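Dropping start_25.cif in here (mmCIF, C-alpha atoms):
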```
data_coords
#
loop_
_atom_site.group_PDB
_atom_site.id
_atom_site.type_symbol
_atom_site.label_atom_id
_atom_site.label_comp_id
_atom_site.auth_asym_id
_atom_site.auth_seq_id
_atom_site.Cartn_x
_atom_site.Cartn_y
_atom_site.Cartn_z
ATOM 1 C CA SER A 99 -9.132 -15.462 -13.844
ATOM 2 C CA VAL A 100 -5.601 -16.386 -12.864
ATOM 3 C CA LEU A 101 -3.985 -15.377 -9.597
ATOM 4 C CA LYS A 102 -0.247 -14.809 -9.769
ATOM 5 C CA TRP A 103 1.776 -13.778 -6.722
ATOM 6 C CA ILE A 104 5.038 -11.888 -7.253
ATOM 7 C CA THR A 105 7.439 -11.146 -4.420
ATOM 8 C CA ALA A 106 9.943 -8.480 -5.454
ATOM 9 C CA ASP A 107 11.047 -4.883 -5.035
ATOM 10 C CA ALA A 108 7.873 -2.846 -5.638
ATOM 11 C CA ARG A 109 9.877 -0.096 -7.335
ATOM 12 C CA ASP A 110 10.396 -2.518 -10.244
ATOM 13 C CA ILE A 111 6.680 -3.146 -10.785
ATOM 14 C CA GLU A 112 6.617 -1.843 -14.372
ATOM 15 C CA GLN A 113 9.325 -4.319 -15.426
ATOM 16 C CA LEU A 114 7.931 -7.196 -13.362
ATOM 17 C CA ILE A 115 4.379 -6.886 -14.629
ATOM 18 C CA PRO A 116 4.350 -5.806 -18.276
ATOM 19 C CA GLU A 117 0.611 -6.498 -18.728
ATOM 20 C CA GLN A 118 -2.053 -4.463 -16.954
ATOM 21 C CA VAL A 119 -3.626 -6.101 -13.912
ATOM 22 C CA ASP A 120 -6.799 -5.713 -11.830
ATOM 23 C CA PHE A 121 -5.274 -5.443 -8.340
ATOM 24 C CA VAL A 122 -1.996 -4.418 -6.697
ATOM 25 C CA LEU A 123 -1.315 -4.920 -2.970
ATOM 26 C CA ILE A 124 1.552 -3.353 -1.057
ATOM 27 C CA ALA A 125 1.776 -4.511 2.545
ATOM 28 C CA ASN A 126 3.832 -3.170 5.446
ATOM 29 C CA THR A 127 6.351 -1.284 3.315
ATOM 30 C CA PHE A 128 4.776 1.907 1.935
ATOM 31 C CA HIS A 129 5.925 3.956 4.934
ATOM 32 C CA GLY A 130 9.574 3.277 4.055
ATOM 33 C CA VAL A 131 9.465 3.981 0.298
ATOM 34 C CA PRO A 132 11.728 6.975 -0.493
ATOM 35 C CA ASP A 133 9.687 8.096 -3.535
ATOM 36 C CA GLN A 134 6.137 7.157 -2.631
ATOM 37 C CA ALA A 135 4.533 9.215 -5.430
ATOM 38 C CA GLY A 136 6.902 7.606 -7.964
ATOM 39 C CA LEU A 137 5.892 4.154 -6.776
ATOM 40 C CA VAL A 138 2.202 5.070 -7.025
ATOM 41 C CA ARG A 139 2.724 6.354 -10.583
ATOM 42 C CA ALA A 140 4.306 3.003 -11.501
ATOM 43 C CA VAL A 141 1.375 1.160 -9.905
ATOM 44 C CA ALA A 142 -1.076 3.308 -11.900
ATOM 45 C CA LYS A 143 0.652 2.332 -15.152
ATOM 46 C CA THR A 144 0.375 -1.326 -14.190
ATOM 47 C CA LEU A 145 -3.319 -1.235 -13.288
ATOM 48 C CA LYS A 146 -6.234 -1.490 -15.681
ATOM 49 C CA PRO A 147 -8.687 1.434 -15.589
ATOM 50 C CA LEU A 148 -10.790 1.069 -12.440
ATOM 51 C CA GLY A 149 -8.204 -1.393 -11.064
ATOM 52 C CA LEU A 150 -7.709 -1.489 -7.312
ATOM 53 C CA PHE A 151 -4.608 -0.545 -5.337
ATOM 54 C CA ALA A 152 -4.473 -1.550 -1.667
ATOM 55 C CA VAL A 153 -1.950 -0.336 0.883
ATOM 56 C CA VAL A 154 -1.695 -2.193 4.197
ATOM 57 C CA ASN A 155 0.053 -0.298 6.977
ATOM 58 C CA TRP A 156 0.549 -0.392 10.704
ATOM 59 C CA HIS A 157 -1.805 1.750 12.784
ATOM 60 C CA GLN A 158 -0.158 4.872 14.139
ATOM 61 C CA LEU A 159 0.482 3.355 17.560
ATOM 62 C CA PRO A 160 3.748 3.424 19.495
ATOM 63 C CA ARG A 161 5.878 0.464 18.437
ATOM 64 C CA GLU A 162 6.012 -0.696 22.045
ATOM 65 C CA GLN A 163 2.226 -1.281 21.899
ATOM 66 C CA THR A 164 2.310 -3.463 18.762
ATOM 67 C CA THR A 165 3.668 -6.678 20.169
ATOM 68 C CA VAL A 166 3.769 -10.165 18.720
ATOM 69 C CA LEU A 167 4.811 -12.990 21.045
ATOM 70 C CA GLY A 168 5.673 -10.372 23.668
ATOM 71 C CA ARG A 169 8.082 -8.363 21.500
ATOM 72 C CA PRO A 170 7.528 -5.008 19.741
ATOM 73 C CA ARG A 171 6.985 -5.407 15.993
ATOM 74 C CA GLY A 172 6.664 -3.143 12.997
ATOM 75 C CA PRO A 173 8.335 0.064 11.874
ATOM 76 C CA LYS A 174 9.592 2.755 14.208
ATOM 77 C CA THR A 175 6.789 4.820 15.695
ATOM 78 C CA ASP A 176 7.759 7.965 13.754
ATOM 79 C CA MET A 177 7.575 6.120 10.399
ATOM 80 C CA ARG A 178 3.964 4.967 10.808
ATOM 81 C CA MET A 179 1.483 6.674 8.520
ATOM 82 C CA PRO A 180 -2.169 7.276 9.298
ATOM 83 C CA PRO A 181 -4.587 6.420 6.483
ATOM 84 C CA GLU A 182 -5.038 10.121 5.683
ATOM 85 C CA ALA A 183 -1.310 10.466 4.951
ATOM 86 C CA VAL A 184 -1.495 7.565 2.502
ATOM 87 C CA GLU A 185 -4.468 9.230 0.795
ATOM 88 C CA VAL A 186 -2.515 12.497 0.425
ATOM 89 C CA VAL A 187 0.166 10.632 -1.542
ATOM 90 C CA VAL A 188 -2.010 8.282 -3.595
ATOM 91 C CA GLU A 189 -5.050 10.327 -4.648
ATOM 92 C CA PRO A 190 -3.218 13.080 -6.632
ATOM 93 C CA VAL A 191 -1.538 10.424 -8.795
ATOM 94 C CA GLY A 192 -4.842 9.329 -10.328
ATOM 95 C CA PHE A 193 -6.668 7.305 -7.708
ATOM 96 C CA GLY A 194 -9.930 7.730 -5.865
ATOM 97 C CA PHE A 195 -10.469 6.583 -2.304
ATOM 98 C CA SER A 196 -12.585 3.420 -2.225
ATOM 99 C CA ARG A 197 -12.597 2.219 1.372
ATOM 100 C CA LEU A 198 -10.730 1.887 4.645
ATOM 101 C CA VAL A 199 -10.551 -1.554 6.253
ATOM 102 C CA ASP A 200 -9.489 -2.252 9.823
ATOM 103 C CA LEU A 201 -7.163 -5.266 10.043
ATOM 104 C CA PRO A 202 -6.891 -6.085 13.762
ATOM 105 C CA PRO A 203 -4.955 -6.034 15.849
ATOM 106 C CA TYR A 204 -2.394 -3.572 14.439
ATOM 107 C CA HIS A 205 -3.049 -2.866 10.762
ATOM 108 C CA TYR A 206 -5.388 -1.077 8.397
ATOM 109 C CA GLY A 207 -5.845 -1.259 4.654
ATOM 110 C CA VAL A 208 -6.693 1.623 2.348
ATOM 111 C CA VAL A 209 -8.157 0.653 -1.013
ATOM 112 C CA PHE A 210 -8.037 3.020 -3.975
ATOM 113 C CA GLU A 211 -9.538 2.778 -7.448
ATOM 114 C CA ARG A 212 -7.572 3.910 -10.475
ATOM 115 C CA SER A 213 -9.239 6.664 -12.438
ATOM 116 C CA THR A 214 -10.299 5.923 -16.002
#
```
Is it possible to give me this structure as structure tokens?
Amino acid sequence: SVLKWITADARDIEQLIPEQVDFVLIANTFHGVPDQAGLVRAVAKTLKPLGLFAVVNWHQLPREQTTVLGRPRGPKTDMRMPPEAVEVVVEPVGFGFSRLVDLPPYHYGVVFERST
């Protein structure tokens, strides 16, 4: 299998990846997407049946507590989404929850499987 990394605006995924793929990762940005369900629909079209979609987000901690090199990092506290909020957006679009992964010290990953 071939691994190909693409760095771009995730809203353009259908144009960027015309062939279906096995895995899509969105890291540290899902909380700020204006049309989250629209993005998930585009991801679903890009994934093969039973393909995996992973969303990495910051834990729902106050920004002041998520420091790197002594400075607060990450999105504003009120923008942070708990894993359950991600599930509420992603599952109705045709995905099943697969697993939740803790990514210390400040992140988590939620992995979903595309329905057939």
On this file, the PyMOL selection byres ((chain A and resi 181-191) around 10) gives some set of residues; write that set as number ranges by chain.
-> A: 128-129, 134-142, 151, 153-158, 178-180, 192-195, 198-199, 206-213
Can you spit out the residues from that selection as an mmCIF file, in the frame of the given file, using C-alpha atoms?
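Wrote result_36.cif, looks like this:
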```
data_model
loop_
_atom_site.group_PDB
_atom_site.id
_atom_site.type_symbol
_atom_site.label_atom_id
_atom_site.label_comp_id
_atom_site.auth_asym_id
_atom_site.auth_seq_id
_atom_site.Cartn_x
_atom_site.Cartn_y
_atom_site.Cartn_z
ATOM 1 C CA PHE A 128 4.776 1.907 1.935
ATOM 2 C CA HIS A 129 5.925 3.956 4.934
ATOM 3 C CA GLN A 134 6.137 7.157 -2.631
ATOM 4 C CA ALA A 135 4.533 9.215 -5.430
ATOM 5 C CA GLY A 136 6.902 7.606 -7.964
ATOM 6 C CA LEU A 137 5.892 4.154 -6.776
ATOM 7 C CA VAL A 138 2.202 5.070 -7.025
ATOM 8 C CA ARG A 139 2.724 6.354 -10.583
ATOM 9 C CA ALA A 140 4.306 3.003 -11.501
ATOM 10 C CA VAL A 141 1.375 1.160 -9.905
ATOM 11 C CA ALA A 142 -1.076 3.308 -11.900
ATOM 12 C CA PHE A 151 -4.608 -0.545 -5.337
ATOM 13 C CA VAL A 153 -1.950 -0.336 0.883
ATOM 14 C CA VAL A 154 -1.695 -2.193 4.197
ATOM 15 C CA ASN A 155 0.053 -0.298 6.977
ATOM 16 C CA TRP A 156 0.549 -0.392 10.704
ATOM 17 C CA HIS A 157 -1.805 1.750 12.784
ATOM 18 C CA GLN A 158 -0.158 4.872 14.139
ATOM 19 C CA ARG A 178 3.964 4.967 10.808
ATOM 20 C CA MET A 179 1.483 6.674 8.520
ATOM 21 C CA PRO A 180 -2.169 7.276 9.298
ATOM 22 C CA GLY A 192 -4.842 9.329 -10.328
ATOM 23 C CA PHE A 193 -6.668 7.305 -7.708
ATOM 24 C CA GLY A 194 -9.930 7.730 -5.865
ATOM 25 C CA PHE A 195 -10.469 6.583 -2.304
ATOM 26 C CA LEU A 198 -10.730 1.887 4.645
ATOM 27 C CA VAL A 199 -10.551 -1.554 6.253
ATOM 28 C CA TYR A 206 -5.388 -1.077 8.397
ATOM 29 C CA GLY A 207 -5.845 -1.259 4.654
ATOM 30 C CA VAL A 208 -6.693 1.623 2.348
ATOM 31 C CA VAL A 209 -8.157 0.653 -1.013
ATOM 32 C CA PHE A 210 -8.037 3.020 -3.975
ATOM 33 C CA GLU A 211 -9.538 2.778 -7.448
ATOM 34 C CA ARG A 212 -7.572 3.910 -10.475
ATOM 35 C CA SER A 213 -9.239 6.664 -12.438
#
```
Centre and edge lengths, as JSON, for the axis-aligned box enclosing every listed atom of range 203-214 of chain A with 5 Å of padding on each of the six sides, in Å to one decimal?
```
{"center_x": -6.3, "center_y": 0.3, "center_z": -0.1, "size_x": 17.9, "size_y": 22.7, "size_z": 41.9}
```
Selected residue of minimal separation from Gly130 in chain A among A:Lys102, A:Arg171, A:Arg109, A:Arg161, counting only C-alpha atoms =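 Closest candidate: A:Arg109.
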Residues in the PyMOL selection byres ((chain A and resi 118-125) around 8), expressed as number ranges by chain = A: 108, 115-117, 126-128, 141, 143-146, 148-155
Quick one, how far is CA of Thr164 in chain A from CA of Pro202 in chain A?
->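 According to the coordinates, CA of Thr164 in chain A and CA of Pro202 in chain A are separated by 10.8 Å.
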In Å to one decimal, how far is CA of Pro160 in chain A from CA of Tyr204 in chain A?
->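 These two atoms are separated by 10.6 Å.
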Give the answer as one residue: which of A:Asp200, A:Lys174, A:Val100, A:Thr214 has the shortest atom-to-atom distance to Glu162 in chain A, using only C-alpha atoms?
-> A:Lys174
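Between CA of Asp133 in chain A and CA of His205 in chain A lies a distance of 22.1 Å.
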How would range 166-189 of chain A read, as a CSV table (one decimal), in the coordinates of the input, once N, CA and C atoms are built in?
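This went into out_17.csv:
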```
chain,number,residue,atom,x,y,z
A,166,VAL,N,4.1,-8.8,19.2
A,166,VAL,CA,3.8,-10.2,18.7
A,166,VAL,C,4.7,-11.1,19.5
A,167,LEU,N,4.1,-12.1,20.2
A,167,LEU,CA,4.8,-13.0,21.0
A,167,LEU,C,5.6,-12.2,22.1
A,168,GLY,N,5.1,-11.1,22.6
A,168,GLY,CA,5.7,-10.4,23.7
A,168,GLY,C,6.8,-9.4,23.3
A,169,ARG,N,7.0,-9.3,22.0
A,169,ARG,CA,8.1,-8.4,21.5
A,169,ARG,C,7.5,-7.3,20.6
A,170,PRO,N,8.0,-6.1,20.6
A,170,PRO,CA,7.5,-5.0,19.7
A,170,PRO,C,7.8,-5.4,18.3
A,171,ARG,N,6.8,-5.1,17.4
A,171,ARG,CA,7.0,-5.4,16.0
A,171,ARG,C,6.6,-4.2,15.2
A,172,GLY,N,7.0,-4.2,13.9
A,172,GLY,CA,6.7,-3.1,13.0
A,172,GLY,C,7.7,-2.0,12.9
A,173,PRO,N,7.4,-1.0,12.1
A,173,PRO,CA,8.3,0.1,11.9
A,173,PRO,C,8.4,1.0,13.1
A,174,LYS,N,9.4,1.8,13.1
A,174,LYS,CA,9.6,2.8,14.2
A,174,LYS,C,8.3,3.6,14.3
A,175,THR,N,8.0,4.0,15.5
A,175,THR,CA,6.8,4.8,15.7
A,175,THR,C,6.7,6.0,14.8
A,176,ASP,N,7.8,6.7,14.6
A,176,ASP,CA,7.8,8.0,13.8
A,176,ASP,C,7.6,7.7,12.3
A,177,MET,N,7.7,6.5,11.8
A,177,MET,CA,7.6,6.1,10.4
A,177,MET,C,6.1,5.7,10.1
A,178,ARG,N,5.3,5.5,11.0
A,178,ARG,CA,4.0,5.0,10.8
A,178,ARG,C,3.1,6.1,10.2
A,179,MET,N,2.3,5.7,9.2
A,179,MET,CA,1.5,6.7,8.5
A,179,MET,C,0.0,6.4,8.8
A,180,PRO,N,-0.7,7.5,9.2
A,180,PRO,CA,-2.2,7.3,9.3
A,180,PRO,C,-2.8,7.1,7.9
A,181,PRO,N,-4.0,6.6,7.8
A,181,PRO,CA,-4.6,6.4,6.5
A,181,PRO,C,-4.7,7.7,5.7
A,182,GLU,N,-4.9,8.8,6.4
A,182,GLU,CA,-5.0,10.1,5.7
A,182,GLU,C,-3.7,10.5,5.0
A,183,ALA,N,-2.6,10.2,5.6
A,183,ALA,CA,-1.3,10.5,5.0
A,183,ALA,C,-1.1,9.6,3.7
A,184,VAL,N,-1.6,8.4,3.7
A,184,VAL,CA,-1.5,7.6,2.5
A,184,VAL,C,-2.4,8.2,1.4
A,185,GLU,N,-3.6,8.6,1.8
A,185,GLU,CA,-4.5,9.2,0.8
A,185,GLU,C,-3.8,10.5,0.2
A,186,VAL,N,-3.1,11.3,0.9
A,186,VAL,CA,-2.5,12.5,0.4
A,186,VAL,C,-1.5,12.2,-0.7
A,187,VAL,N,-0.8,11.0,-0.5
A,187,VAL,CA,0.2,10.6,-1.5
A,187,VAL,C,-0.5,10.0,-2.8
A,188,VAL,N,-1.5,9.1,-2.5
A,188,VAL,CA,-2.0,8.3,-3.6
A,188,VAL,C,-3.0,9.0,-4.5
A,189,GLU,N,-3.9,9.7,-3.9
A,189,GLU,CA,-5.0,10.3,-4.6
A,189,GLU,C,-4.6,11.3,-5.8
```
